[in-house]
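Data block for protein.cif (mmCIF, C-alpha atoms):
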```
data_work
#
loop_
_atom_site.group_PDB
_atom_site.id
_atom_site.type_symbol
_atom_site.label_atom_id
_atom_site.label_comp_id
_atom_site.auth_asym_id
_atom_site.auth_seq_id
_atom_site.Cartn_x
_atom_site.Cartn_y
_atom_site.Cartn_z
ATOM 1 C CA MET A 1 -40.207 -22.102 -35.704
ATOM 2 C CA ALA A 2 -42.047 -20.612 -32.764
ATOM 3 C CA LYS A 3 -40.716 -17.202 -31.711
ATOM 4 C CA ASP A 4 -40.008 -17.955 -28.046
ATOM 5 C CA LYS A 5 -37.633 -15.046 -27.348
ATOM 6 C CA ILE A 6 -36.821 -11.638 -28.788
ATOM 7 C CA SER A 7 -33.743 -12.731 -30.727
ATOM 8 C CA GLN A 8 -35.852 -15.120 -32.815
ATOM 9 C CA TYR A 9 -37.879 -12.333 -34.409
ATOM 10 C CA ASP A 10 -36.937 -11.101 -37.855
ATOM 11 C CA SER A 11 -35.789 -7.514 -38.294
ATOM 12 C CA THR A 12 -38.319 -7.005 -41.118
ATOM 13 C CA SER A 13 -41.993 -7.851 -41.312
ATOM 14 C CA ALA A 14 -42.016 -8.256 -45.108
ATOM 15 C CA GLY A 15 -42.125 -11.657 -46.723
ATOM 16 C CA ALA A 16 -43.905 -14.890 -46.071
ATOM 17 C CA ASN A 17 -43.677 -16.591 -42.686
ATOM 18 C CA LEU A 18 -41.844 -13.665 -41.066
ATOM 19 C CA ASN A 19 -42.967 -12.702 -37.562
ATOM 20 C CA THR A 20 -46.206 -14.589 -37.914
ATOM 21 C CA ASP A 21 -46.359 -15.927 -34.384
ATOM 22 C CA ILE A 22 -45.422 -15.127 -30.814
ATOM 23 C CA ALA A 23 -44.407 -18.294 -28.990
ATOM 24 C CA GLY A 24 -46.568 -20.295 -31.377
ATOM 25 C CA ILE A 25 -49.608 -18.024 -31.062
ATOM 26 C CA ASN A 26 -50.749 -17.204 -34.603
ATOM 27 C CA ILE A 27 -50.636 -13.487 -35.484
ATOM 28 C CA ASP A 28 -50.508 -13.971 -39.258
ATOM 29 C CA GLU A 29 -52.964 -12.260 -41.581
ATOM 30 C CA GLY A 30 -56.443 -13.594 -41.002
ATOM 31 C CA CYS A 31 -55.636 -14.948 -37.540
ATOM 32 C CA ALA A 32 -58.382 -15.268 -34.994
ATOM 33 C CA PRO A 33 -58.879 -12.044 -33.013
ATOM 34 C CA SER A 34 -59.023 -14.083 -29.826
ATOM 35 C CA GLY A 35 -55.283 -14.878 -30.072
ATOM 36 C CA ILE A 36 -54.093 -11.266 -30.184
ATOM 37 C CA ASN A 37 -54.510 -10.631 -26.458
ATOM 38 C CA ASN A 38 -52.558 -13.757 -25.562
ATOM 39 C CA ALA A 39 -49.862 -12.862 -28.101
ATOM 40 C CA ILE A 40 -49.413 -9.392 -26.578
ATOM 41 C CA ARG A 41 -49.212 -10.821 -23.067
ATOM 42 C CA THR A 42 -46.623 -13.377 -24.197
ATOM 43 C CA LEU A 43 -44.576 -10.675 -25.924
ATOM 44 C CA MET A 44 -44.602 -8.633 -22.708
ATOM 45 C CA ALA A 45 -43.317 -11.691 -20.828
ATOM 46 C CA GLN A 46 -40.552 -12.191 -23.383
ATOM 47 C CA ILE A 47 -39.458 -8.573 -23.021
ATOM 48 C CA ARG A 48 -39.404 -8.997 -19.267
ATOM 49 C CA ASP A 49 -37.315 -12.169 -19.605
ATOM 50 C CA LEU A 50 -34.845 -10.228 -21.758
ATOM 51 C CA GLN A 51 -34.673 -7.424 -19.205
ATOM 52 C CA SER A 52 -34.137 -9.792 -16.278
ATOM 53 C CA GLY A 53 -31.524 -11.870 -18.102
ATOM 54 C CA VAL A 54 -33.322 -15.223 -18.069
ATOM 55 C CA SER A 55 -34.094 -15.441 -21.775
ATOM 56 C CA GLY A 56 -30.537 -16.312 -22.806
ATOM 57 C CA ASP A 57 -30.514 -13.364 -25.215
ATOM 58 C CA SER A 58 -27.982 -10.535 -25.114
ATOM 59 C CA ILE A 59 -28.130 -6.953 -26.323
ATOM 60 C CA PRO A 60 -25.246 -6.066 -28.696
ATOM 61 C CA VAL A 61 -22.717 -3.430 -27.623
ATOM 62 C CA ALA A 62 -23.766 -1.328 -30.634
ATOM 63 C CA ALA A 63 -27.302 -1.263 -29.251
ATOM 64 C CA GLY A 64 -26.218 -0.164 -25.799
ATOM 65 C CA GLY A 65 -25.804 -3.630 -24.285
ATOM 66 C CA THR A 66 -22.845 -5.795 -23.426
ATOM 67 C CA GLY A 67 -23.211 -8.467 -26.088
ATOM 68 C CA ALA A 68 -23.169 -11.108 -23.375
ATOM 69 C CA ASN A 69 -25.304 -12.788 -20.760
ATOM 70 C CA THR A 70 -22.616 -13.460 -18.137
ATOM 71 C CA ALA A 71 -20.416 -11.015 -16.241
ATOM 72 C CA ALA A 72 -17.198 -12.571 -17.584
ATOM 73 C CA SER A 73 -18.437 -12.480 -21.190
ATOM 74 C CA ALA A 74 -19.623 -8.895 -20.737
ATOM 75 C CA ARG A 75 -16.194 -7.787 -19.528
ATOM 76 C CA SER A 76 -14.607 -9.509 -22.523
ATOM 77 C CA SER A 77 -17.019 -7.869 -24.981
ATOM 78 C CA LEU A 78 -16.388 -4.444 -23.474
ATOM 79 C CA GLY A 79 -12.599 -4.852 -23.309
ATOM 80 C CA LEU A 80 -12.604 -4.854 -19.513
ATOM 81 C CA VAL A 81 -11.086 -8.225 -18.691
ATOM 82 C CA ILE A 82 -9.736 -8.137 -15.134
ATOM 83 C CA GLY A 83 -5.984 -8.592 -15.062
ATOM 84 C CA THR A 84 -5.714 -7.957 -18.819
ATOM 85 C CA ASN A 85 -7.483 -4.684 -19.586
ATOM 86 C CA VAL A 86 -8.078 -3.420 -16.055
ATOM 87 C CA GLN A 87 -6.274 -3.935 -12.752
ATOM 88 C CA ALA A 88 -7.839 -6.348 -10.301
ATOM 89 C CA TYR A 89 -8.950 -4.925 -6.957
ATOM 90 C CA ASP A 90 -6.260 -5.080 -4.311
ATOM 91 C CA ALA A 91 -6.736 -3.676 -0.822
ATOM 92 C CA ASN A 92 -3.002 -2.884 -0.781
ATOM 93 C CA THR A 93 -3.100 -0.629 -3.840
ATOM 94 C CA VAL A 94 -1.562 2.756 -3.051
ATOM 95 C CA PHE A 95 -3.368 5.915 -4.139
ATOM 96 C CA ASP A 96 -1.664 9.284 -4.325
ATOM 97 C CA ASP A 97 -4.563 11.090 -2.601
ATOM 98 C CA VAL A 98 -5.118 8.652 0.278
ATOM 99 C CA ALA A 99 -2.948 8.209 3.384
ATOM 100 C CA SER A 100 -1.081 4.894 3.179
ATOM 101 C CA THR A 101 1.055 2.940 5.642
ATOM 102 C CA PHE A 102 3.795 0.657 4.341
ATOM 103 C CA THR A 103 4.561 -2.406 6.459
ATOM 104 C CA ALA A 104 7.057 -3.905 4.013
ATOM 105 C CA THR A 105 10.255 -2.476 2.566
ATOM 106 C CA GLN A 106 9.667 -0.322 -0.519
ATOM 107 C CA THR A 107 12.550 0.113 -2.966
ATOM 108 C CA PHE A 108 12.681 3.266 -5.079
ATOM 109 C CA ALA A 109 15.528 2.424 -7.417
ATOM 110 C CA GLY A 110 15.472 5.386 -9.792
ATOM 111 C CA SER A 111 17.796 5.184 -12.779
ATOM 112 C CA THR A 112 21.072 6.575 -14.075
ATOM 113 C CA THR A 113 19.240 9.757 -15.060
ATOM 114 C CA ALA A 114 16.550 10.071 -12.365
ATOM 115 C CA LEU A 115 16.388 10.041 -8.582
ATOM 116 C CA GLY A 116 14.468 7.210 -6.999
ATOM 117 C CA ALA A 117 12.495 9.444 -4.628
ATOM 118 C CA VAL A 118 11.970 13.083 -3.689
ATOM 119 C CA PHE A 119 10.293 13.903 -0.362
ATOM 120 C CA GLN A 120 8.709 17.258 0.358
ATOM 121 C CA ASP A 121 7.043 18.103 3.679
ATOM 122 C CA ALA A 122 8.288 14.859 5.248
ATOM 123 C CA ALA A 123 8.412 14.194 8.996
ATOM 124 C CA GLU A 124 10.338 11.670 11.092
ATOM 125 C CA VAL A 125 8.972 9.912 14.163
ATOM 126 C CA THR A 126 10.345 11.047 17.528
ATOM 127 C CA THR A 127 9.858 9.209 20.811
ATOM 128 C CA ILE A 128 9.765 11.630 23.755
ATOM 129 C CA SER A 129 10.251 9.960 27.118
ATOM 130 C CA ALA A 130 10.552 11.374 30.647
ATOM 131 C CA THR A 131 13.435 8.996 31.283
ATOM 132 C CA ALA A 132 16.938 9.572 32.608
ATOM 133 C CA ALA A 133 19.811 8.198 30.546
ATOM 134 C CA THR A 134 21.635 5.466 32.461
ATOM 135 C CA GLY A 135 22.646 1.825 32.021
ATOM 136 C CA THR A 136 21.957 0.226 28.638
ATOM 137 C CA ILE A 137 19.431 1.979 26.407
ATOM 138 C CA ASN A 138 17.909 -0.066 23.608
ATOM 139 C CA TYR A 139 17.402 2.101 20.545
ATOM 140 C CA ASP A 140 14.785 0.426 18.307
ATOM 141 C CA VAL A 141 15.106 1.817 14.796
ATOM 142 C CA THR A 142 11.693 0.468 13.759
ATOM 143 C CA THR A 143 10.091 2.676 16.421
ATOM 144 C CA GLN A 144 11.669 6.074 15.845
ATOM 145 C CA SER A 145 14.327 8.112 14.072
ATOM 146 C CA VAL A 146 14.852 10.400 17.073
ATOM 147 C CA LEU A 147 14.778 9.391 20.759
ATOM 148 C CA TYR A 148 14.479 12.250 23.267
ATOM 149 C CA TYR A 149 15.013 11.708 26.993
ATOM 150 C CA THR A 150 13.709 14.731 28.902
ATOM 151 C CA THR A 151 14.865 13.794 32.429
ATOM 152 C CA ASN A 152 18.426 14.622 33.484
ATOM 153 C CA ALA A 153 20.926 11.824 32.836
ATOM 154 C CA SER A 154 21.956 10.041 36.032
ATOM 155 C CA ALA A 155 25.002 8.050 34.877
ATOM 156 C CA ASN A 156 27.068 7.268 31.811
ATOM 157 C CA TRP A 157 25.201 4.951 29.458
ATOM 158 C CA THR A 158 25.498 2.427 26.668
ATOM 159 C CA VAL A 159 23.372 2.741 23.525
ATOM 160 C CA ASN A 160 22.391 -0.592 21.953
ATOM 161 C CA VAL A 161 21.029 -0.048 18.444
ATOM 162 C CA ARG A 162 18.777 -2.845 17.201
ATOM 163 C CA GLY A 163 15.800 -3.377 14.936
ATOM 164 C CA ASN A 164 13.477 -4.002 17.867
ATOM 165 C CA GLY A 165 12.967 -6.498 20.673
ATOM 166 C CA THR A 166 12.474 -9.401 18.250
ATOM 167 C CA THR A 167 14.364 -8.374 15.083
ATOM 168 C CA SER A 168 18.053 -7.524 14.846
ATOM 169 C CA LEU A 169 19.411 -4.569 12.934
ATOM 170 C CA ASN A 170 21.523 -7.040 10.991
ATOM 171 C CA THR A 171 18.307 -8.686 9.752
ATOM 172 C CA LEU A 172 16.684 -5.375 8.821
ATOM 173 C CA MET A 173 19.615 -3.976 6.864
ATOM 174 C CA SER A 174 21.374 -5.241 3.770
ATOM 175 C CA THR A 175 25.087 -4.806 3.121
ATOM 176 C CA GLY A 176 25.672 -1.435 1.520
ATOM 177 C CA GLN A 177 22.781 0.257 3.322
ATOM 178 C CA ALA A 178 23.055 3.066 5.868
ATOM 179 C CA LEU A 179 20.732 4.708 8.361
ATOM 180 C CA THR A 180 21.049 7.592 10.797
ATOM 181 C CA VAL A 181 19.485 7.835 14.244
ATOM 182 C CA VAL A 182 19.643 10.582 16.865
ATOM 183 C CA PHE A 183 19.564 10.352 20.652
ATOM 184 C CA LEU A 184 18.798 13.567 22.558
ATOM 185 C CA VAL A 185 19.879 13.468 26.200
ATOM 186 C CA THR A 186 18.900 16.072 28.789
ATOM 187 C CA GLN A 187 21.728 16.999 31.190
ATOM 188 C CA GLY A 188 21.553 18.499 34.642
ATOM 189 C CA ALA A 189 24.245 20.268 36.672
ATOM 190 C CA THR A 190 26.249 17.043 36.659
ATOM 191 C CA ALA A 191 26.665 15.827 33.100
ATOM 192 C CA TYR A 192 27.177 12.284 31.841
ATOM 193 C CA TYR A 193 27.935 10.844 28.429
ATOM 194 C CA ASN A 194 27.543 7.906 26.081
ATOM 195 C CA ASN A 195 30.619 5.813 26.805
ATOM 196 C CA ALA A 196 29.789 2.669 24.800
ATOM 197 C CA LEU A 197 27.903 1.687 21.669
ATOM 198 C CA THR A 198 26.652 -1.760 20.696
ATOM 199 C CA ILE A 199 24.668 -3.032 17.715
ATOM 200 C CA ASP A 200 22.486 -6.057 18.359
ATOM 201 C CA GLY A 201 24.405 -6.424 21.630
ATOM 202 C CA SER A 202 27.868 -6.528 20.018
ATOM 203 C CA SER A 203 30.379 -3.787 20.760
ATOM 204 C CA VAL A 204 31.187 -1.278 18.005
ATOM 205 C CA THR A 205 33.757 1.529 18.227
ATOM 206 C CA PRO A 206 32.333 4.607 16.486
ATOM 207 C CA LYS A 207 34.389 6.985 14.392
ATOM 208 C CA TYR A 208 33.609 10.320 16.072
ATOM 209 C CA GLN A 209 33.513 13.681 14.352
ATOM 210 C CA GLY A 210 36.834 15.441 15.007
ATOM 211 C CA GLY A 211 38.577 12.142 15.621
ATOM 212 C CA THR A 212 38.073 11.891 19.384
ATOM 213 C CA ALA A 213 35.268 10.204 21.302
ATOM 214 C CA PRO A 214 33.664 12.346 24.020
ATOM 215 C CA THR A 215 34.801 11.793 27.591
ATOM 216 C CA SER A 216 32.157 13.929 29.248
ATOM 217 C CA GLY A 217 28.756 15.433 28.756
ATOM 218 C CA ASN A 218 27.718 19.093 28.713
ATOM 219 C CA ALA A 219 25.986 20.331 31.848
ATOM 220 C CA SER A 220 22.603 22.044 31.918
ATOM 221 C CA GLY A 221 21.620 21.480 28.336
ATOM 222 C CA VAL A 222 20.791 18.770 25.812
ATOM 223 C CA ASP A 223 23.456 16.639 24.184
ATOM 224 C CA ALA A 224 22.533 15.333 20.756
ATOM 225 C CA TYR A 225 24.221 12.121 19.661
ATOM 226 C CA SER A 226 23.903 11.205 15.993
ATOM 227 C CA TYR A 227 24.907 7.782 14.684
ATOM 228 C CA THR A 228 25.196 7.047 10.987
ATOM 229 C CA ILE A 229 25.371 3.263 10.724
ATOM 230 C CA VAL A 230 26.751 1.661 7.567
ATOM 231 C CA LYS A 231 26.386 -2.094 7.140
ATOM 232 C CA THR A 232 29.587 -3.369 5.551
ATOM 233 C CA GLY A 233 28.927 -7.115 5.774
ATOM 234 C CA SER A 234 27.060 -9.749 7.736
ATOM 235 C CA ALA A 235 26.778 -8.411 11.315
ATOM 236 C CA ALA A 236 29.532 -5.902 10.427
ATOM 237 C CA PHE A 237 28.947 -2.176 10.820
ATOM 238 C CA THR A 238 30.875 1.081 10.672
ATOM 239 C CA VAL A 239 29.408 3.897 12.732
ATOM 240 C CA PHE A 240 30.054 7.607 12.249
ATOM 241 C CA ALA A 241 29.057 9.509 15.377
ATOM 242 C CA ALA A 242 28.938 13.029 16.717
ATOM 243 C CA GLN A 243 28.072 14.733 20.015
ATOM 244 C CA THR A 244 26.595 18.244 19.802
ATOM 245 C CA GLN A 245 25.553 20.459 22.703
ATOM 246 C CA PHE A 246 22.308 22.454 22.679
ATOM 247 C CA LYS A 247 21.323 24.894 25.418
#
```
Translate the structure of the given file into structure tokens.
Amino acid sequence: MAKDKISQYDSTSAGANLNTDIAGINIDEGCAPSGINNAIRTLMAQIRDLQSGVSGDSIPVAAGGTGANTAASARSSLGLVIGTNVQAYDANTVFDDVASTFTATQTFAGSTTALGAVFQDAAEVTTISATAATGTINYDVTTQSVLYYTTNASANWTVNVRGNGTTSLNTLMSTGQALTVVFLVTQGATAYYNNALTIDGSSVTPKYQGGTAPTSGNASGVDAYSYTIVKTGSAAFTVFAAQTQFK
């Protein structure tokens, strides 16, 4: 059989009819000298075909190759099958040394013996606005955890807590979940206060710290209103609130 590619050569030169041709060019004992040049050139071409991957041969793993002549077969030979031995590329993979932004809810469940999450050096988003508290103020929980109005309040106001302009808080939260938001209101010489609270536009009566809802604001300072909202059922919420003066 003509030796048309590297894998067809024998590993030993001893014995009859072993390695006596290169692609049919006779290199056996007593061959014509004129065929040697062509045989060498053909061998060089075969080596090049092996190197470029067109010969159909493969180099065994033990010899430094992959034992394959396709990418999929090479991964199988090397134990690197995507999805089995190694993880497939995913642009959404989170790395612990690269800043990541989550746009879907992440659940850190923990266990009966371990906390689900521990945060160190964490910050919350605050919206600072040169706005005076008055009328109905939509508090979008997907925008901030703290809302700070820096202009003196001009009238009593209603806070409407919602997910955002297109998503209700009821949709964002599941029963048994709670979140806390803070509203910081700057007061002038005449103080005003938060006299109504709604969630998704529906009235809710908060349970205030100390048992009594505020009936006034605190002049010449900043009143901080905190609302801890517990979802107790579908579109049902209990709110624990507090008013604290800072000056």
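Minimum distance to A:Ala189 across A:Asn218, A:Gln8, A:Thr42, A:Gln243 (counting all atoms listed in the file) occurs at A:Asn218.
Take the candidates A:Ala72, A:Val141, A:Leu115, A:Ile27 and check each one against A:Leu172 using all atoms listed in the file; the shortest distance goes to A:Val141.
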Item to check | For A:Gly211: contacts at 12 Å, only C-alpha atoms, fewer than 6 positions along chain excluded, given as a PyMOL selection string | outcome: chain A and resi 205+240-243
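With atom CA of A:Lys3 on one side and atom CA of A:Ile59 on the other, the separation reads 17.1 Å.
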Quick one: axis-aligned box around all listed atoms of stretch 204-212 of chain A, 3 Å on every side, centre and edge lengths in Å to one decimal, written as AutoDock Vina command-line options.
```
--center_x 34.9 --center_y 7.1 --center_z 16.9 --size_x 13.4 --size_y 22.7 --size_z 11.0
```
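Once stretch 237-239 of chain A and its same-chain neighbours fewer than 6 positions away are set aside, A:Pro206, A:Lys207, A:Tyr227, A:Thr228, A:Ile229, A:Val230, A:Lys231 remain within 7 Å of it when counting all atoms listed in the file.
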Checklist entry - Restricting the calculation to all atoms listed in the file, which member of A:Leu184, A:Ala114, A:Ala196, A:Val222 is positioned closest to A:Leu147? => result A:Leu184
Next on the checklist: Need the shell around A:Thr131: protein/DNA/RNA residues with any atom at most 9 Å away, counting only C-alpha atoms. Skip same-chain ones fewer than 4 positions apart. Format as an MDAnalysis selection string?
Outcome noted: chainID A and resid 148:153
Taking C-alpha atoms for each residue, export the selection above as a PDB file, in the coordinates of the input.
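Contents of out-v7.pdb, freshly written:
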```
ATOM      1  CA  TYR A 148      14.479  12.250  23.267  1.00  0.00           C
ATOM      2  CA  TYR A 149      15.013  11.708  26.993  1.00  0.00           C
ATOM      3  CA  THR A 150      13.709  14.731  28.902  1.00  0.00           C
ATOM      4  CA  THR A 151      14.865  13.794  32.429  1.00  0.00           C
ATOM      5  CA  ASN A 152      18.426  14.622  33.484  1.00  0.00           C
ATOM      6  CA  ALA A 153      20.926  11.824  32.836  1.00  0.00           C
TER       7      ALA A 153
END
```
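The nearest approach to A:Gln144 among the residues A:Met173, A:Val118, A:Ala91, A:Val182, with only C-alpha atoms taken into account, belongs to A:Val182.
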